[in-house]
>>> print(open('protein_18.cif').read())   # mmCIF, C-alpha atoms
data_structure
#
loop_
_atom_site.label_atom_id
_atom_site.label_comp_id
_atom_site.auth_asym_id
_atom_site.auth_seq_id
_atom_site.Cartn_x
_atom_site.Cartn_y
_atom_site.Cartn_z
CA MET A 1 -6.74 -159.22 -241.58
CA PRO A 2 -9.39 -157.85 -239.19
CA GLU A 3 -8.29 -156.67 -235.75
CA PRO A 4 -9.34 -158.94 -232.87
CA THR A 5 -12.30 -157.60 -230.97
CA SER A 6 -12.96 -157.64 -227.26
CA THR A 7 -16.66 -158.21 -227.84
CA PRO A 8 -17.60 -161.63 -226.44
CA THR A 9 -19.27 -164.19 -228.61
CA THR A 10 -23.00 -164.62 -228.23
CA ALA A 11 -22.54 -167.93 -226.40
CA HIS A 12 -20.02 -166.42 -224.00
CA ALA A 13 -22.08 -163.27 -223.42
CA ALA A 14 -25.03 -165.37 -222.34
CA HIS A 15 -22.99 -166.59 -219.37
CA THR A 16 -21.48 -163.34 -218.07
CA ASP A 17 -24.44 -161.57 -216.47
CA PHE A 18 -25.80 -163.51 -213.52
CA ALA A 19 -27.80 -160.74 -211.89
CA ARG A 20 -31.02 -162.66 -212.64
CA ALA A 21 -29.62 -166.09 -213.48
CA MET A 22 -28.46 -169.14 -211.59
CA SER A 23 -24.66 -169.26 -211.40
CA TYR A 24 -22.37 -172.11 -210.42
CA GLY A 25 -21.69 -170.51 -207.05
CA ASN A 26 -25.37 -169.86 -206.40
CA TYR A 27 -26.42 -173.39 -207.29
CA LEU A 28 -23.84 -174.95 -204.95
CA GLN A 29 -24.25 -172.25 -202.28
CA LEU A 30 -20.49 -171.84 -202.30
CA ASP A 31 -20.53 -168.69 -200.18
CA ARG A 32 -22.04 -170.66 -197.31
CA LEU A 33 -20.03 -173.80 -197.97
CA LEU A 34 -16.64 -172.09 -198.15
CA ASP A 35 -17.41 -170.01 -195.08
CA CYS A 36 -17.65 -173.15 -192.95
CA GLN A 37 -13.89 -173.69 -192.62
CA LYS A 38 -13.07 -171.77 -189.43
CA PRO A 39 -9.88 -173.05 -187.76
CA LEU A 40 -9.65 -171.97 -184.13
CA SER A 41 -5.94 -172.13 -183.36
CA GLY A 42 -4.38 -170.02 -186.10
CA HIS A 43 -1.95 -172.85 -186.90
CA HIS A 44 -1.45 -173.71 -190.57
CA ASP A 45 -2.33 -177.43 -190.47
CA GLU A 46 -5.68 -177.02 -188.77
CA MET A 47 -7.19 -176.01 -192.13
CA LEU A 48 -6.23 -179.43 -193.52
CA PHE A 49 -7.83 -181.18 -190.54
CA VAL A 50 -11.08 -179.21 -190.80
CA THR A 51 -11.36 -179.55 -194.60
CA VAL A 52 -10.78 -183.31 -194.68
CA HIS A 53 -13.37 -183.95 -191.99
CA GLN A 54 -15.97 -181.61 -193.47
CA ALA A 55 -15.52 -183.19 -196.91
CA SER A 56 -15.92 -186.62 -195.30
CA GLU A 57 -19.20 -185.54 -193.73
CA LEU A 58 -20.49 -184.46 -197.14
CA TRP A 59 -19.64 -187.89 -198.55
CA LEU A 60 -21.31 -189.54 -195.54
CA LYS A 61 -24.43 -187.47 -196.20
CA LEU A 62 -24.55 -188.93 -199.70
CA CYS A 63 -23.99 -192.44 -198.30
CA VAL A 64 -27.01 -192.05 -196.00
CA HIS A 65 -29.08 -190.74 -198.93
CA GLU A 66 -28.16 -193.72 -201.13
CA LEU A 67 -28.48 -196.39 -198.42
CA LYS A 68 -31.94 -195.22 -197.37
CA ALA A 69 -33.10 -195.34 -200.98
CA ALA A 70 -31.54 -198.79 -201.49
CA ARG A 71 -33.23 -200.07 -198.34
CA ALA A 72 -36.64 -198.92 -199.62
CA LEU A 73 -36.05 -200.67 -202.95
CA ILE A 74 -35.00 -203.92 -201.25
CA GLN A 75 -38.13 -203.70 -199.09
CA ALA A 76 -40.18 -203.39 -202.29
CA GLY A 77 -38.31 -206.27 -203.91
CA THR A 78 -37.01 -203.98 -206.68
CA LEU A 79 -33.37 -204.98 -206.55
CA ARG A 80 -31.79 -203.82 -209.78
CA PRO A 81 -31.89 -200.05 -209.06
CA ALA A 82 -30.67 -200.81 -205.51
CA PHE A 83 -27.53 -202.43 -206.94
CA LYS A 84 -26.49 -199.14 -208.50
CA MET A 85 -27.00 -197.28 -205.22
CA LEU A 86 -25.01 -199.81 -203.22
CA ALA A 87 -22.22 -199.75 -205.81
CA ARG A 88 -22.20 -195.96 -205.60
CA VAL A 89 -21.68 -196.10 -201.83
CA SER A 90 -18.76 -198.47 -202.34
CA ARG A 91 -17.19 -195.93 -204.70
CA ILE A 92 -17.79 -193.19 -202.14
CA GLN A 93 -15.91 -195.29 -199.64
CA ALA A 94 -12.97 -195.32 -202.06
CA GLN A 95 -13.01 -191.51 -201.97
CA LEU A 96 -13.11 -191.54 -198.17
CA ILE A 97 -10.15 -193.91 -198.08
CA GLN A 98 -8.15 -191.51 -200.26
CA SER A 99 -8.92 -188.68 -197.83
CA TRP A 100 -6.89 -190.44 -195.13
CA ASP A 101 -3.88 -190.34 -197.47
CA VAL A 102 -4.21 -186.56 -197.53
CA LEU A 103 -4.60 -186.30 -193.76
CA ALA A 104 -1.59 -188.58 -193.27
CA THR A 105 0.64 -185.79 -194.62
CA MET A 106 0.15 -184.25 -191.16
CA THR A 107 2.88 -185.19 -188.68
CA PRO A 108 2.47 -185.63 -184.90
CA SER A 109 4.22 -182.28 -184.45
CA ASP A 110 1.77 -180.60 -186.83
CA TYR A 111 -1.24 -182.01 -185.02
CA SER A 112 0.03 -181.09 -181.56
CA THR A 113 0.01 -177.39 -182.52
CA PHE A 114 -3.79 -177.26 -182.60
CA ARG A 115 -5.07 -180.43 -180.90
CA GLY A 116 -6.10 -178.45 -177.82
CA ALA A 117 -8.55 -176.45 -179.93
CA LEU A 118 -10.64 -179.59 -180.51
CA GLY A 119 -11.80 -179.66 -176.88
CA GLN A 120 -14.09 -182.67 -176.34
CA SER A 121 -14.91 -183.11 -180.03
CA SER A 122 -14.16 -186.48 -181.62
CA GLY A 123 -14.84 -188.32 -184.85
CA PHE A 124 -16.71 -190.90 -182.75
CA GLN A 125 -19.41 -188.22 -182.37
CA SER A 126 -20.18 -188.17 -186.11
CA TYR A 127 -23.92 -188.84 -186.22
CA GLN A 128 -23.84 -189.43 -189.98
CA TYR A 129 -21.26 -192.18 -189.48
CA ARG A 130 -23.60 -193.73 -186.89
CA ALA A 131 -26.48 -193.46 -189.36
CA VAL A 132 -24.46 -195.40 -191.93
CA GLU A 133 -23.67 -198.07 -189.34
CA PHE A 134 -27.34 -198.38 -188.35
CA LEU A 135 -28.39 -198.68 -191.99
CA MET A 136 -25.80 -201.43 -192.49
CA ASP A 137 -26.98 -203.26 -189.34
CA ALA A 138 -24.30 -202.33 -186.79
CA ARG A 139 -26.47 -201.44 -183.77
CA ASP A 140 -25.41 -200.02 -180.41
CA PRO A 141 -27.84 -197.82 -178.44
CA ASN A 142 -24.94 -196.43 -176.41
CA VAL A 143 -23.67 -194.38 -179.36
CA LEU A 144 -26.75 -192.16 -179.00
CA LEU A 145 -25.51 -190.81 -175.66
CA PRO A 146 -23.18 -188.08 -177.04
CA HIS A 147 -26.17 -186.57 -178.88
CA ARG A 148 -28.53 -186.12 -175.90
CA HIS A 149 -27.95 -182.36 -176.02
CA ARG A 150 -29.33 -182.24 -179.59
CA PRO A 151 -32.85 -183.74 -179.60
CA ASP A 152 -33.12 -183.31 -183.38
CA ILE A 153 -30.04 -185.49 -183.98
CA HIS A 154 -30.73 -187.89 -181.10
CA ASP A 155 -34.34 -188.53 -182.11
CA ALA A 156 -33.49 -189.05 -185.79
CA LEU A 157 -30.79 -191.59 -184.89
CA GLU A 158 -33.07 -193.32 -182.39
CA GLU A 159 -35.75 -193.66 -185.06
CA LEU A 160 -33.19 -195.16 -187.44
CA LEU A 161 -32.05 -197.52 -184.70
CA HIS A 162 -35.55 -199.01 -184.48
CA LEU A 163 -36.07 -199.35 -188.24
CA PRO A 164 -34.98 -202.39 -190.29
CA SER A 165 -31.52 -202.12 -191.80
CA LEU A 166 -30.50 -203.04 -195.33
CA TYR A 167 -29.61 -206.49 -194.08
CA ASP A 168 -32.90 -206.87 -192.20
CA GLU A 169 -34.82 -206.05 -195.37
CA ALA A 170 -32.71 -208.53 -197.34
CA GLN A 171 -33.56 -211.28 -194.85
CA ARG A 172 -37.25 -210.42 -195.01
CA LEU A 173 -37.00 -210.61 -198.78
CA LEU A 174 -35.39 -214.05 -198.50
CA ALA A 175 -38.34 -215.17 -196.37
CA ARG A 176 -40.83 -213.80 -198.92
CA ARG A 177 -38.99 -215.69 -201.64
CA GLY A 178 -39.57 -218.96 -199.78
CA PHE A 179 -36.32 -219.38 -197.85
CA ALA A 180 -36.79 -220.79 -194.35
CA ILE A 181 -35.72 -217.82 -192.24
CA ASP A 182 -36.62 -218.35 -188.57
CA PRO A 183 -39.62 -216.07 -187.78
CA ALA A 184 -38.26 -215.46 -184.27
CA HIS A 185 -35.06 -214.12 -185.80
CA LEU A 186 -36.99 -211.78 -188.09
CA ALA A 187 -39.00 -210.55 -185.07
CA ARG A 188 -35.94 -209.90 -182.86
CA ASP A 189 -35.24 -206.57 -181.13
CA LEU A 190 -33.65 -204.53 -183.91
CA THR A 191 -31.96 -202.13 -181.48
CA ARG A 192 -29.60 -204.82 -180.17
CA PRO A 193 -26.31 -205.81 -181.83
CA TYR A 194 -26.82 -208.35 -184.60
CA VAL A 195 -26.11 -212.02 -183.90
CA ALA A 196 -25.56 -214.36 -186.84
CA HIS A 197 -28.26 -216.99 -187.31
CA ASP A 198 -28.14 -220.48 -188.81
CA SER A 199 -31.32 -220.01 -190.86
CA VAL A 200 -29.89 -216.92 -192.55
CA ARG A 201 -26.62 -218.70 -193.20
CA ALA A 202 -28.47 -221.65 -194.73
CA ALA A 203 -30.48 -219.34 -197.00
CA TRP A 204 -27.39 -217.60 -198.34
CA ARG A 205 -25.77 -221.00 -198.83
CA GLN A 206 -28.69 -221.95 -201.08
CA VAL A 207 -28.34 -218.70 -203.03
CA TYR A 208 -24.61 -219.23 -203.57
CA GLY A 209 -25.14 -222.91 -204.31
CA ASP A 210 -27.38 -222.11 -207.30
CA PRO A 211 -26.63 -218.52 -208.38
CA HIS A 212 -28.36 -218.83 -211.77
CA ARG A 213 -31.64 -219.71 -210.10
CA HIS A 214 -31.35 -216.88 -207.55
CA TRP A 215 -29.36 -214.41 -209.61
CA ASP A 216 -30.73 -211.15 -208.21
CA LEU A 217 -30.30 -212.34 -204.61
CA TYR A 218 -26.82 -213.58 -205.49
CA GLU A 219 -25.97 -210.15 -206.91
CA LEU A 220 -27.45 -208.44 -203.84
CA ALA A 221 -25.25 -210.57 -201.59
CA GLU A 222 -22.16 -209.63 -203.58
CA GLU A 223 -23.08 -205.92 -203.43
CA PHE A 224 -23.31 -206.27 -199.66
CA VAL A 225 -19.92 -207.96 -199.47
CA ASP A 226 -18.39 -205.29 -201.69
CA LEU A 227 -19.93 -202.58 -199.51
CA GLU A 228 -18.59 -204.08 -196.30
CA ASP A 229 -15.18 -204.74 -197.85
CA TRP A 230 -14.75 -201.07 -198.78
CA PHE A 231 -16.15 -199.92 -195.44
CA GLN A 232 -13.72 -202.07 -193.48
CA VAL A 233 -10.78 -200.83 -195.56
CA TRP A 234 -11.94 -197.28 -194.74
CA ARG A 235 -12.03 -198.18 -191.03
CA LEU A 236 -8.56 -199.71 -191.27
CA ARG A 237 -7.09 -196.65 -193.00
CA TYR A 238 -8.74 -194.47 -190.37
CA MET A 239 -7.11 -196.51 -187.60
CA LYS A 240 -3.69 -196.48 -189.27
CA THR A 241 -3.85 -192.73 -189.91
CA VAL A 242 -4.73 -192.03 -186.27
CA HIS A 243 -1.94 -194.38 -185.17
CA ARG A 244 0.49 -192.56 -187.42
CA ILE A 245 -0.46 -189.13 -186.04
CA ILE A 246 -1.06 -189.72 -182.31
CA GLY A 247 0.37 -193.18 -181.68
CA ARG A 248 -1.46 -194.99 -178.89
CA LYS A 249 -2.36 -191.89 -176.90
CA PRO A 250 -6.01 -191.50 -175.85
CA GLY A 251 -8.17 -189.77 -178.43
CA THR A 252 -10.10 -186.56 -177.95
CA GLY A 253 -13.52 -186.59 -176.32
CA GLY A 254 -12.55 -189.30 -173.83
CA THR A 255 -12.06 -192.04 -176.43
CA ALA A 256 -9.33 -194.67 -176.37
CA GLY A 257 -8.07 -193.65 -179.80
CA VAL A 258 -6.50 -196.47 -181.79
CA ALA A 259 -7.79 -199.12 -179.37
CA ASP A 260 -11.42 -198.13 -180.05
CA LEU A 261 -10.81 -198.00 -183.79
CA LYS A 262 -9.29 -201.48 -183.75
CA VAL A 263 -12.47 -202.85 -182.16
CA ALA A 264 -14.50 -201.28 -184.98
CA VAL A 265 -12.26 -202.83 -187.64
CA ASP A 266 -12.94 -206.29 -186.22
CA ARG A 267 -16.74 -205.79 -186.12
CA PRO A 268 -18.52 -207.30 -189.16
CA PHE A 269 -21.78 -206.15 -190.77
CA PHE A 270 -23.06 -209.10 -192.82
CA SER A 271 -21.69 -212.05 -190.83
CA GLU A 272 -23.41 -214.91 -192.63
CA LEU A 273 -22.22 -213.73 -196.04
CA TRP A 274 -18.65 -214.16 -194.85
CA ASP A 275 -19.36 -217.46 -193.05
CA VAL A 276 -20.87 -219.05 -196.14
CA ARG A 277 -17.59 -218.64 -198.03
CA THR A 278 -15.99 -221.18 -195.75
CA GLU A 279 -18.89 -223.58 -196.14
CA LEU A 280 -19.17 -223.62 -199.92
#
>>> encode(input="protein_18.cif", output="structure tokens")
Amino acid sequence: MPEPTSTPTTAHAAHTDFARAMSYGNYLQLDRLLDCQKPLSGHHDEMLFVTVHQASELWLKLCVHELKAARALIQAGTLRPAFKMLARVSRIQAQLIQSWDVLATMTPSDYSTFRGALGQSSGFQSYQYRAVEFLMDARDPNVLLPHRHRPDIHDALEELLHLPSLYDEAQRLLARRGFAIDPAHLARDLTRPYVAHDSVRAAWRQVYGDPHRHWDLYELAEEFVDLEDWFQVWRLRYMKTVHRIIGRKPGTGGTAGVADLKVAVDRPFFSELWDVRTEL
């Protein structure tokens, strides 16, 4: 029987010399990515805190990418590819919800060892989270204030604030399809918080009343509901995790902590889509 040889197979040898080839680490820029976790306190549990939040920001970056693309497709009236993008964001939200389960392994005692290192930083300052809210039609110009020191971030968010959201584009599509959406509502100031409107509610009632006739709009509505459902569960798990770790103490960065998060949980995105369920 021949002795085993240490010579790699041809297939294996082709993947061992990366001096001039793209490697896994190079493609993902892992040196840079894995150098970003820099706890400040020296306490063990700060690494968990930093990693969970950085991973969440990566997922939020993908959410913004998908929601912007979905918005463009809805604007063009090309709904089917948009459905996949919206469904993908819902699945991302499921990943974000699971991340709170990991963070919840941290006890109040663990957190207190490094909380002072956070200074005035707070999750409420996440500009990618605000971008997701703007894209989903939750508008509040006041959330731009913490970003005044970064014109690049502030200006990008302000531009997004003035652009139509996913829901705005859906309503414009309803109008183009012949539904009687009030023109004054379509022409409203997009930077102000959304207020539900009877003409939008009536249009969605027609869609749900005859789904076979309006199937793509019916499916779009359900994708929106699914998206908001997952997002609100994520908000709720966020609130409960914060409550578990710091109780009702004020949050960092001058926030009210759990009290502020509870307000967010009760704030809807697509109001009329929830109202119409009662009316059907």
>>> closest_atom_pairs(input="protein_18.cif", of="stretch 98-187 of chain A", to="stretch 247-258 of chain A", cutoff="10 Å", atoms="all atoms listed in the file", output="JSON lines")
{"residue": "A:Pro108", "atom": "CA", "partner": "A:Gly247", "partner_atom": "CA", "distance": 8.5}
{"residue": "A:Arg115", "atom": "CA", "partner": "A:Thr252", "partner_atom": "CA", "distance": 8.5}
{"residue": "A:Gly116", "atom": "CA", "partner": "A:Thr252", "partner_atom": "CA", "distance": 9.0}
{"residue": "A:Leu118", "atom": "CA", "partner": "A:Thr252", "partner_atom": "CA", "distance": 7.4}
{"residue": "A:Gly119", "atom": "CA", "partner": "A:Gly253", "partner_atom": "CA", "distance": 7.2}
{"residue": "A:Gln120", "atom": "CA", "partner": "A:Gly253", "partner_atom": "CA", "distance": 4.0}
{"residue": "A:Ser121", "atom": "CA", "partner": "A:Gly253", "partner_atom": "CA", "distance": 5.3}
{"residue": "A:Ser122", "atom": "CA", "partner": "A:Gly253", "partner_atom": "CA", "distance": 5.3}
{"residue": "A:Gly123", "atom": "CA", "partner": "A:Thr252", "partner_atom": "CA", "distance": 8.6}
{"residue": "A:Phe124", "atom": "CA", "partner": "A:Thr255", "partner_atom": "CA", "distance": 7.9}
{"residue": "A:Gln125", "atom": "CA", "partner": "A:Gly253", "partner_atom": "CA", "distance": 8.6}
{"residue": "A:Pro146", "atom": "CA", "partner": "A:Gly253", "partner_atom": "CA", "distance": 9.8}
>>> closest_residue(input="protein_18.cif", among="A:His149, A:Ser23, A:Val52, A:Trp215", to="A:Asp101", atoms="all atoms listed in the file")
A:Val52
>>> residues_around(input="protein_18.cif", residues="A:Val64", least_positions_apart="6", cutoff="9 Å", atoms="only C-alpha atoms", output="ChimeraX atom specification")
/A:89,128-129,131-132,135
>>> residues_around(input="protein_18.cif", residues="A:Ala156", least_positions_apart="5", cutoff="12 Å", atoms="all atoms listed in the file", output="ChimeraX atom specification")
/A:127-128,130-131,134,144,147-148,150-151,161-163
>>> residues_around(input="protein_18.cif", residues="A:His214", least_positions_apart="4", cutoff="12 Å", atoms="only C-alpha atoms", output="compact mmCIF listing (two decimals) with C-alpha atoms, keeping the file's coordinate frame")
# COMPACT_ATOMS: atom_id res chain seq x y z
CA LEU A 174 -35.39 -214.05 -198.50
CA ARG A 177 -38.99 -215.69 -201.64
CA GLY A 178 -39.57 -218.96 -199.78
CA PHE A 179 -36.32 -219.38 -197.85
CA ALA A 203 -30.48 -219.34 -197.00
CA TRP A 204 -27.39 -217.60 -198.34
CA ARG A 205 -25.77 -221.00 -198.83
CA GLN A 206 -28.69 -221.95 -201.08
CA VAL A 207 -28.34 -218.70 -203.03
CA TYR A 208 -24.61 -219.23 -203.57
CA GLY A 209 -25.14 -222.91 -204.31
CA ASP A 210 -27.38 -222.11 -207.30
CA TYR A 218 -26.82 -213.58 -205.49
CA GLU A 219 -25.97 -210.15 -206.91
CA LEU A 220 -27.45 -208.44 -203.84
CA ALA A 221 -25.25 -210.57 -201.59
>>> resolve_selection(input="protein_18.cif", expression="the PyMOL selection byres ((chain A and resi 82) around 9)", output="PyMOL selection string")
chain A and resi 66-67+69-74+78-81+83-87+220
>>> residues_around(input="protein_18.cif", residues="A:Gln171", least_positions_apart="2", cutoff="8 Å", atoms="all atoms listed in the file", output="PyMOL selection string")
chain A and resi 167-169+173-175+181+186+200
>>> resolve_selection(input="protein_18.cif", expression="the PyMOL selection byres ((chain A and resi 55-58) around 10)", output="compact mmCIF listing (two decimals) with C-alpha atoms, keeping the file's coordinate frame")
# COMPACT_ATOMS: atom_id res chain seq x y z
CA VAL A 50 -11.08 -179.21 -190.80
CA THR A 51 -11.36 -179.55 -194.60
CA VAL A 52 -10.78 -183.31 -194.68
CA HIS A 53 -13.37 -183.95 -191.99
CA GLN A 54 -15.97 -181.61 -193.47
CA TRP A 59 -19.64 -187.89 -198.55
CA LEU A 60 -21.31 -189.54 -195.54
CA LYS A 61 -24.43 -187.47 -196.20
CA LEU A 62 -24.55 -188.93 -199.70
CA CYS A 63 -23.99 -192.44 -198.30
CA ILE A 92 -17.79 -193.19 -202.14
CA GLN A 93 -15.91 -195.29 -199.64
CA GLN A 95 -13.01 -191.51 -201.97
CA LEU A 96 -13.11 -191.54 -198.17
CA ILE A 97 -10.15 -193.91 -198.08
CA SER A 99 -8.92 -188.68 -197.83
CA TRP A 100 -6.89 -190.44 -195.13
CA SER A 126 -20.18 -188.17 -186.11
CA TYR A 127 -23.92 -188.84 -186.22
CA GLN A 128 -23.84 -189.43 -189.98
CA TYR A 129 -21.26 -192.18 -189.48
